[in-house]
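J.: Got a file for you: data-v3.cif, mmCIF, N, CA and C atoms.
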data_work
loop_
_atom_site.label_atom_id
_atom_site.label_comp_id
_atom_site.auth_asym_id
_atom_site.auth_seq_id
_atom_site.Cartn_x
_atom_site.Cartn_y
_atom_site.Cartn_z
N MET V 1 20.66 -2.36 -36.64
CA MET V 1 21.73 -3.10 -35.99
C MET V 1 23.02 -2.89 -36.78
N THR V 2 24.10 -2.72 -36.05
CA THR V 2 25.42 -2.56 -36.65
C THR V 2 26.26 -3.77 -36.27
N ARG V 3 26.93 -4.36 -37.25
CA ARG V 3 27.76 -5.54 -37.00
C ARG V 3 29.20 -5.24 -37.39
N HIS V 4 30.12 -5.62 -36.52
CA HIS V 4 31.54 -5.48 -36.78
C HIS V 4 32.17 -6.85 -36.66
N GLU V 5 32.95 -7.26 -37.66
CA GLU V 5 33.59 -8.57 -37.66
C GLU V 5 35.08 -8.43 -37.91
N TRP V 6 35.85 -9.30 -37.26
CA TRP V 6 37.29 -9.35 -37.48
C TRP V 6 37.78 -10.74 -37.12
N HIS V 7 39.03 -11.04 -37.44
CA HIS V 7 39.58 -12.34 -37.11
C HIS V 7 41.01 -12.19 -36.62
N ASP V 8 41.45 -13.20 -35.91
CA ASP V 8 42.79 -13.21 -35.33
C ASP V 8 43.20 -14.66 -35.13
N ARG V 9 44.41 -14.88 -34.68
CA ARG V 9 44.88 -16.24 -34.39
C ARG V 9 45.12 -16.38 -32.90
N ASP V 10 44.81 -17.57 -32.37
CA ASP V 10 45.03 -17.83 -30.95
C ASP V 10 46.45 -18.37 -30.73
N ASP V 11 46.73 -18.82 -29.52
CA ASP V 11 48.07 -19.31 -29.16
C ASP V 11 48.46 -20.55 -29.95
N ASP V 12 47.48 -21.34 -30.40
CA ASP V 12 47.75 -22.55 -31.18
C ASP V 12 47.77 -22.28 -32.67
N ASN V 13 47.80 -21.01 -33.05
CA ASN V 13 47.82 -20.57 -34.45
C ASN V 13 46.54 -20.96 -35.20
N GLN V 14 45.45 -21.12 -34.46
CA GLN V 14 44.16 -21.43 -35.06
C GLN V 14 43.41 -20.11 -35.28
N GLN V 15 42.78 -19.99 -36.43
CA GLN V 15 42.08 -18.75 -36.74
C GLN V 15 40.76 -18.67 -35.96
N ILE V 16 40.52 -17.51 -35.34
CA ILE V 16 39.30 -17.26 -34.56
C ILE V 16 38.56 -16.08 -35.19
N TYR V 17 37.26 -16.26 -35.39
CA TYR V 17 36.42 -15.19 -35.90
C TYR V 17 35.71 -14.52 -34.73
N TYR V 18 35.61 -13.20 -34.80
CA TYR V 18 34.95 -12.42 -33.76
C TYR V 18 33.85 -11.58 -34.37
N ARG V 19 32.83 -11.32 -33.56
CA ARG V 19 31.72 -10.48 -34.03
C ARG V 19 31.22 -9.64 -32.86
N ALA V 20 30.96 -8.36 -33.13
CA ALA V 20 30.36 -7.46 -32.14
C ALA V 20 29.15 -6.81 -32.80
N ASN V 21 28.02 -6.91 -32.15
CA ASN V 21 26.78 -6.32 -32.66
C ASN V 21 26.32 -5.22 -31.73
N HIS V 22 25.84 -4.14 -32.32
CA HIS V 22 25.27 -3.04 -31.54
C HIS V 22 23.82 -2.90 -31.98
N HIS V 23 22.91 -3.13 -31.02
CA HIS V 23 21.48 -3.05 -31.33
C HIS V 23 20.75 -2.51 -30.10
N ALA V 24 19.93 -1.52 -30.31
CA ALA V 24 19.10 -0.92 -29.26
C ALA V 24 19.95 -0.45 -28.08
N GLY V 25 21.12 0.11 -28.39
CA GLY V 25 21.97 0.66 -27.34
C GLY V 25 22.78 -0.37 -26.58
N LYS V 26 22.74 -1.62 -26.98
CA LYS V 26 23.47 -2.67 -26.28
C LYS V 26 24.45 -3.35 -27.23
N TRP V 27 25.58 -3.77 -26.66
CA TRP V 27 26.59 -4.51 -27.40
C TRP V 27 26.49 -5.99 -27.05
N THR V 28 26.62 -6.85 -28.06
CA THR V 28 26.76 -8.28 -27.84
C THR V 28 28.02 -8.73 -28.56
N PHE V 29 28.73 -9.69 -27.96
CA PHE V 29 29.99 -10.16 -28.50
C PHE V 29 29.95 -11.67 -28.68
N HIS V 30 30.58 -12.13 -29.77
CA HIS V 30 30.58 -13.55 -30.11
C HIS V 30 31.94 -13.90 -30.70
N SER V 31 32.29 -15.18 -30.59
CA SER V 31 33.50 -15.67 -31.25
C SER V 31 33.31 -17.13 -31.61
N ARG V 32 34.14 -17.61 -32.54
CA ARG V 32 34.14 -19.02 -32.88
C ARG V 32 35.43 -19.36 -33.60
N PRO V 33 35.97 -20.54 -33.35
CA PRO V 33 37.12 -20.99 -34.14
C PRO V 33 36.67 -21.25 -35.58
N LYS V 34 37.59 -21.16 -36.49
CA LYS V 34 37.26 -21.29 -37.91
C LYS V 34 36.60 -22.63 -38.22
N ASN V 35 37.04 -23.69 -37.57
CA ASN V 35 36.52 -25.02 -37.89
C ASN V 35 35.27 -25.39 -37.11
N GLU V 36 34.74 -24.49 -36.30
CA GLU V 36 33.51 -24.74 -35.54
C GLU V 36 32.31 -24.12 -36.25
N GLU V 37 31.15 -24.68 -35.98
CA GLU V 37 29.93 -24.19 -36.62
C GLU V 37 29.20 -23.15 -35.78
N PHE V 38 29.24 -23.30 -34.46
CA PHE V 38 28.43 -22.46 -33.59
C PHE V 38 29.26 -21.35 -32.94
N TRP V 39 28.61 -20.20 -32.75
CA TRP V 39 29.23 -19.05 -32.12
C TRP V 39 29.14 -19.16 -30.60
N ILE V 40 30.16 -18.68 -29.91
CA ILE V 40 30.17 -18.58 -28.45
C ILE V 40 29.71 -17.16 -28.11
N ASN V 41 28.66 -17.05 -27.29
CA ASN V 41 28.14 -15.74 -26.89
C ASN V 41 28.75 -15.35 -25.55
N TYR V 42 29.09 -14.08 -25.41
CA TYR V 42 29.70 -13.57 -24.18
C TYR V 42 28.79 -12.56 -23.51
N GLU V 43 28.47 -12.80 -22.25
CA GLU V 43 27.78 -11.79 -21.45
C GLU V 43 28.76 -10.65 -21.19
N ILE V 44 29.97 -11.02 -20.75
CA ILE V 44 31.05 -10.07 -20.53
C ILE V 44 32.23 -10.55 -21.37
N PRO V 45 32.61 -9.80 -22.39
CA PRO V 45 33.70 -10.26 -23.26
C PRO V 45 35.03 -10.25 -22.53
N PRO V 46 35.96 -11.12 -22.93
CA PRO V 46 37.30 -11.10 -22.35
C PRO V 46 37.98 -9.75 -22.63
N LEU V 47 38.84 -9.35 -21.73
CA LEU V 47 39.52 -8.06 -21.85
C LEU V 47 40.30 -7.96 -23.16
N ALA V 48 41.02 -9.00 -23.52
CA ALA V 48 41.81 -8.99 -24.77
C ALA V 48 40.92 -8.81 -25.99
N MET V 49 39.77 -9.45 -25.98
CA MET V 49 38.84 -9.33 -27.11
C MET V 49 38.32 -7.90 -27.22
N LEU V 50 37.98 -7.30 -26.09
CA LEU V 50 37.46 -5.94 -26.09
C LEU V 50 38.53 -4.93 -26.51
N GLU V 51 39.77 -5.15 -26.09
CA GLU V 51 40.86 -4.26 -26.50
C GLU V 51 41.12 -4.35 -28.00
N ALA V 52 41.06 -5.56 -28.55
CA ALA V 52 41.23 -5.74 -29.99
C ALA V 52 40.09 -5.07 -30.75
N PHE V 53 38.88 -5.20 -30.23
CA PHE V 53 37.73 -4.57 -30.88
C PHE V 53 37.84 -3.06 -30.86
N ARG V 54 38.36 -2.51 -29.75
CA ARG V 54 38.51 -1.07 -29.67
C ARG V 54 39.44 -0.57 -30.77
N GLU V 55 40.51 -1.29 -31.02
CA GLU V 55 41.45 -0.90 -32.09
C GLU V 55 40.78 -0.97 -33.46
N ILE V 56 40.02 -2.04 -33.71
CA ILE V 56 39.29 -2.18 -34.97
C ILE V 56 38.29 -1.03 -35.13
N LEU V 57 37.57 -0.75 -34.07
CA LEU V 57 36.57 0.31 -34.10
C LEU V 57 37.21 1.68 -34.31
N TRP V 58 38.34 1.93 -33.66
CA TRP V 58 39.04 3.20 -33.82
C TRP V 58 39.42 3.41 -35.29
N ASN V 59 39.91 2.36 -35.95
CA ASN V 59 40.26 2.46 -37.36
C ASN V 59 39.04 2.77 -38.22
N LYS V 60 37.90 2.17 -37.88
CA LYS V 60 36.67 2.46 -38.63
C LYS V 60 36.22 3.90 -38.43
N ILE V 61 36.37 4.40 -37.22
CA ILE V 61 35.99 5.79 -36.94
C ILE V 61 36.88 6.75 -37.74
N GLN V 62 38.15 6.46 -37.82
CA GLN V 62 39.07 7.31 -38.59
C GLN V 62 38.67 7.37 -40.06
N ARG V 63 38.09 6.29 -40.56
CA ARG V 63 37.64 6.25 -41.96
C ARG V 63 36.17 6.67 -42.10
N ARG V 64 35.58 7.13 -40.99
CA ARG V 64 34.19 7.58 -40.94
C ARG V 64 33.21 6.47 -41.33
N ARG V 65 33.48 5.26 -40.84
CA ARG V 65 32.61 4.13 -41.09
C ARG V 65 31.87 3.68 -39.84
N ALA V 66 32.08 4.42 -38.75
CA ALA V 66 31.38 4.13 -37.49
C ALA V 66 31.28 5.44 -36.71
N PRO V 67 30.21 5.60 -35.94
CA PRO V 67 30.06 6.82 -35.15
C PRO V 67 31.00 6.85 -33.94
N GLU V 68 31.41 8.04 -33.54
CA GLU V 68 32.34 8.19 -32.42
C GLU V 68 31.74 7.74 -31.10
N LYS V 69 30.43 7.76 -30.97
CA LYS V 69 29.82 7.35 -29.70
C LYS V 69 30.11 5.88 -29.40
N PHE V 70 30.37 5.07 -30.42
CA PHE V 70 30.69 3.66 -30.20
C PHE V 70 31.98 3.51 -29.39
N ILE V 71 32.99 4.32 -29.70
CA ILE V 71 34.27 4.20 -28.99
C ILE V 71 34.10 4.60 -27.53
N ASN V 72 33.21 5.56 -27.25
CA ASN V 72 32.94 5.95 -25.87
C ASN V 72 32.31 4.79 -25.10
N ASP V 73 31.37 4.06 -25.73
CA ASP V 73 30.75 2.90 -25.10
C ASP V 73 31.80 1.83 -24.77
N ILE V 74 32.68 1.57 -25.72
CA ILE V 74 33.70 0.53 -25.52
C ILE V 74 34.70 0.96 -24.46
N ASP V 75 35.08 2.24 -24.45
CA ASP V 75 36.00 2.74 -23.42
C ASP V 75 35.40 2.57 -22.02
N GLU V 76 34.10 2.83 -21.88
CA GLU V 76 33.44 2.64 -20.59
C GLU V 76 33.46 1.17 -20.19
N MET V 77 33.21 0.28 -21.15
CA MET V 77 33.24 -1.16 -20.86
C MET V 77 34.65 -1.60 -20.45
N LEU V 78 35.65 -1.06 -21.12
CA LEU V 78 37.03 -1.39 -20.77
C LEU V 78 37.38 -0.93 -19.36
N GLU V 79 36.96 0.27 -19.01
CA GLU V 79 37.22 0.78 -17.66
C GLU V 79 36.57 -0.11 -16.60
N GLU V 80 35.34 -0.53 -16.85
CA GLU V 80 34.64 -1.40 -15.91
C GLU V 80 35.35 -2.75 -15.77
N LEU V 81 35.77 -3.32 -16.89
CA LEU V 81 36.47 -4.61 -16.85
C LEU V 81 37.80 -4.50 -16.13
N ARG V 82 38.53 -3.44 -16.40
CA ARG V 82 39.83 -3.26 -15.74
C ARG V 82 39.66 -3.03 -14.24
N ALA V 83 38.61 -2.31 -13.86
CA ALA V 83 38.36 -2.05 -12.44
C ALA V 83 37.94 -3.34 -11.72
N ALA V 84 37.21 -4.21 -12.41
CA ALA V 84 36.74 -5.45 -11.80
C ALA V 84 37.81 -6.53 -11.76
N ALA V 85 38.83 -6.41 -12.62
CA ALA V 85 39.88 -7.42 -12.67
C ALA V 85 40.77 -7.31 -11.43
N PRO V 86 41.19 -8.45 -10.90
CA PRO V 86 42.10 -8.40 -9.74
C PRO V 86 43.44 -7.82 -10.15
N PRO V 87 44.10 -7.08 -9.26
CA PRO V 87 45.39 -6.50 -9.61
C PRO V 87 46.44 -7.59 -9.82
N GLU V 88 47.32 -7.34 -10.78
CA GLU V 88 48.38 -8.31 -11.06
C GLU V 88 49.46 -8.22 -9.98
N GLN V 89 49.96 -9.37 -9.58
CA GLN V 89 50.99 -9.41 -8.55
C GLN V 89 52.33 -9.78 -9.17
N ASP V 90 53.36 -9.07 -8.79
CA ASP V 90 54.70 -9.38 -9.28
C ASP V 90 55.31 -10.43 -8.36
N GLU V 91 55.86 -11.46 -8.95
CA GLU V 91 56.49 -12.50 -8.13
C GLU V 91 57.96 -12.57 -8.43
#
Can I see the file as structure tokens?
T.:
Amino acid sequence: MTRHEWHDRDDDNQQIYYRANHHAGKWTFHSRPKNEEFWINYEIPPLAMLEAFREILWNKIQRRRAPEKFINDIDEMLEELRAAAPPEQDE
């Protein structure tokens, strides 16, 4: 199993921890606010979370700390999420 962790701040300036696990060819995604004890599991991660993870993963690949096939998996997931998302309307 491969685990990737990173953190960011939300709109309220609260620190959020993120985790992505790759095991048996499948990705699982989790997050939790810093002051919470339990992780939130995602069947389908939010688009923003997946885009942030892709950037983290790309940096790891550049340093040869992750295999390139991981970025292909994430790119496919991003394409599926973007295709499933409703188109944005200009008002």
J.: Distance CA of Asn35 in chain V-CA of Ala20 in chain V, one decimal place?
T.: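 These two atoms are separated by 19.5 Å.
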J.: Go ahead and compute the interatomic distance for atom N of Thr2 in chain V and CA of His23 in chain V, in Å to one decimal.
T.: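 Atom N of Thr2 in chain V sits 5.4 Å away from CA of His23 in chain V.
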J.: If you run DSSP over the backbone, which residues in range 13-57 of chain V end up strand (DSSP E)? Put them as an MDAnalysis selection string.
T.: chainID V and resid 15:23 26:33 40:42
J.: Per residue of range 31-75 of chain V within 6.5 Å of range 11-19 of chain V, record the nearest atom pair and its distance in Å to one decimal, counting all atoms listed in the file, with rows in chain order and ascending residue number, as JSON lines.
T.:
{"residue": "V:Ser31", "atom": "CA", "partner": "V:Tyr17", "partner_atom": "C", "distance": 4.3}
{"residue": "V:Arg32", "atom": "C", "partner": "V:Tyr17", "partner_atom": "N", "distance": 4.0}
{"residue": "V:Pro33", "atom": "CA", "partner": "V:Ile16", "partner_atom": "CA", "distance": 4.3}
{"residue": "V:Lys34", "atom": "N", "partner": "V:Gln15", "partner_atom": "C", "distance": 4.1}
{"residue": "V:Asn35", "atom": "N", "partner": "V:Gln15", "partner_atom": "C", "distance": 6.5}
J.: Using only C-alpha atoms, find the one residue out of V:Glu51, V:Gly25, V:Pro45, V:Ala85 that sits nearest to Phe70 in chain V.
T.: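 Closest candidate: V:Gly25.
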J.: Can you list, as a list of chain:residue names, the residues that the PyMOL selection byres ((chain V and resi 40) around 6) selects here?
T.: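 Selected by the PyMOL selection byres ((chain V and resi 40) around 6) in this file: V:Phe29, V:His30, V:Ser31, V:Arg32, V:Phe38, V:Trp39, V:Asn41, V:Tyr42.
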J.: Would you put the residues from that selection into a file with N, CA and C atoms, as a PDB file, in the coordinates of the input?
T.:
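Saved the output as selection.pdb:
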ATOM      1  N   PHE V  29      28.730  -9.690 -27.960  1.00  0.00           N
ATOM      2  CA  PHE V  29      29.990 -10.160 -28.500  1.00  0.00           C
ATOM      3  C   PHE V  29      29.950 -11.670 -28.680  1.00  0.00           C
ATOM      4  N   HIS V  30      30.580 -12.130 -29.770  1.00  0.00           N
ATOM      5  CA  HIS V  30      30.580 -13.550 -30.110  1.00  0.00           C
ATOM      6  C   HIS V  30      31.940 -13.900 -30.700  1.00  0.00           C
ATOM      7  N   SER V  31      32.290 -15.180 -30.590  1.00  0.00           N
ATOM      8  CA  SER V  31      33.500 -15.670 -31.250  1.00  0.00           C
ATOM      9  C   SER V  31      33.310 -17.130 -31.610  1.00  0.00           C
ATOM     10  N   ARG V  32      34.140 -17.610 -32.540  1.00  0.00           N
ATOM     11  CA  ARG V  32      34.140 -19.020 -32.880  1.00  0.00           C
ATOM     12  C   ARG V  32      35.430 -19.360 -33.600  1.00  0.00           C
ATOM     13  N   PHE V  38      29.240 -23.300 -34.460  1.00  0.00           N
ATOM     14  CA  PHE V  38      28.430 -22.460 -33.590  1.00  0.00           C
ATOM     15  C   PHE V  38      29.260 -21.350 -32.940  1.00  0.00           C
ATOM     16  N   TRP V  39      28.610 -20.200 -32.750  1.00  0.00           N
ATOM     17  CA  TRP V  39      29.230 -19.050 -32.120  1.00  0.00           C
ATOM     18  C   TRP V  39      29.140 -19.160 -30.600  1.00  0.00           C
ATOM     19  N   ASN V  41      28.660 -17.050 -27.290  1.00  0.00           N
ATOM     20  CA  ASN V  41      28.140 -15.740 -26.890  1.00  0.00           C
ATOM     21  C   ASN V  41      28.750 -15.350 -25.550  1.00  0.00           C
ATOM     22  N   TYR V  42      29.090 -14.080 -25.410  1.00  0.00           N
ATOM     23  CA  TYR V  42      29.700 -13.570 -24.180  1.00  0.00           C
ATOM     24  C   TYR V  42      28.790 -12.560 -23.510  1.00  0.00           C
TER      25      TYR V  42
END
J.: Applying 12 Å and only C-alpha atoms, which residues near Met77 in chain V remain after dropping the ones on its own chain fewer than 6 positions away? List them as a list of chain:residue names.
T.: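 Everything that qualifies: V:Lys26, V:Trp27, V:Thr28, V:Glu43, V:Ile44, V:Pro45, V:Pro46, V:Leu47, V:Met49, V:Leu50, V:Glu51, V:Phe53, V:Arg54, V:Phe70, V:Ile71, V:Ala83, V:Ala84.
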J.: Could the residues in this selection be saved with N, CA and C atoms as an mmCIF file, in the frame of the given file?
T.:
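This is the output file selection_12.cif:
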data_model
loop_
_atom_site.group_PDB
_atom_site.id
_atom_site.type_symbol
_atom_site.label_atom_id
_atom_site.label_comp_id
_atom_site.auth_asym_id
_atom_site.auth_seq_id
_atom_site.Cartn_x
_atom_site.Cartn_y
_atom_site.Cartn_z
ATOM 1 N N LYS V 26 22.740 -1.620 -26.980
ATOM 2 C CA LYS V 26 23.470 -2.670 -26.280
ATOM 3 C C LYS V 26 24.450 -3.350 -27.230
ATOM 4 N N TRP V 27 25.580 -3.770 -26.660
ATOM 5 C CA TRP V 27 26.590 -4.510 -27.400
ATOM 6 C C TRP V 27 26.490 -5.990 -27.050
ATOM 7 N N THR V 28 26.620 -6.850 -28.060
ATOM 8 C CA THR V 28 26.760 -8.280 -27.840
ATOM 9 C C THR V 28 28.020 -8.730 -28.560
ATOM 10 N N GLU V 43 28.470 -12.800 -22.250
ATOM 11 C CA GLU V 43 27.780 -11.790 -21.450
ATOM 12 C C GLU V 43 28.760 -10.650 -21.190
ATOM 13 N N ILE V 44 29.970 -11.020 -20.750
ATOM 14 C CA ILE V 44 31.050 -10.070 -20.530
ATOM 15 C C ILE V 44 32.230 -10.550 -21.370
ATOM 16 N N PRO V 45 32.610 -9.800 -22.390
ATOM 17 C CA PRO V 45 33.700 -10.260 -23.260
ATOM 18 C C PRO V 45 35.030 -10.250 -22.530
ATOM 19 N N PRO V 46 35.960 -11.120 -22.930
ATOM 20 C CA PRO V 46 37.300 -11.100 -22.350
ATOM 21 C C PRO V 46 37.980 -9.750 -22.630
ATOM 22 N N LEU V 47 38.840 -9.350 -21.730
ATOM 23 C CA LEU V 47 39.520 -8.060 -21.850
ATOM 24 C C LEU V 47 40.300 -7.960 -23.160
ATOM 25 N N MET V 49 39.770 -9.450 -25.980
ATOM 26 C CA MET V 49 38.840 -9.330 -27.110
ATOM 27 C C MET V 49 38.320 -7.900 -27.220
ATOM 28 N N LEU V 50 37.980 -7.300 -26.090
ATOM 29 C CA LEU V 50 37.460 -5.940 -26.090
ATOM 30 C C LEU V 50 38.530 -4.930 -26.510
ATOM 31 N N GLU V 51 39.770 -5.150 -26.090
ATOM 32 C CA GLU V 51 40.860 -4.260 -26.500
ATOM 33 C C GLU V 51 41.120 -4.350 -28.000
ATOM 34 N N PHE V 53 38.880 -5.200 -30.230
ATOM 35 C CA PHE V 53 37.730 -4.570 -30.880
ATOM 36 C C PHE V 53 37.840 -3.060 -30.860
ATOM 37 N N ARG V 54 38.360 -2.510 -29.750
ATOM 38 C CA ARG V 54 38.510 -1.070 -29.670
ATOM 39 C C ARG V 54 39.440 -0.570 -30.770
ATOM 40 N N PHE V 70 30.370 5.070 -30.420
ATOM 41 C CA PHE V 70 30.690 3.660 -30.200
ATOM 42 C C PHE V 70 31.980 3.510 -29.390
ATOM 43 N N ILE V 71 32.990 4.320 -29.700
ATOM 44 C CA ILE V 71 34.270 4.200 -28.990
ATOM 45 C C ILE V 71 34.100 4.600 -27.530
ATOM 46 N N ALA V 83 38.610 -2.310 -13.860
ATOM 47 C CA ALA V 83 38.360 -2.050 -12.440
ATOM 48 C C ALA V 83 37.940 -3.340 -11.720
ATOM 49 N N ALA V 84 37.210 -4.210 -12.410
ATOM 50 C CA ALA V 84 36.740 -5.450 -11.800
ATOM 51 C C ALA V 84 37.810 -6.530 -11.760
#
J.: Hey, can you check how far atom C of Glu5 in chain V sits from atom N of Ile56 in chain V?
T.: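 Interatomic distance, atom C of Glu5 in chain V to atom N of Ile56 in chain V: 9.1 Å.
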J.: Per DSSP on the backbone, filter chain V down to the residues in helix (DSSP H, G or I) and report them as a ChimeraX atom specification.
T.: /V:47-62,68-84
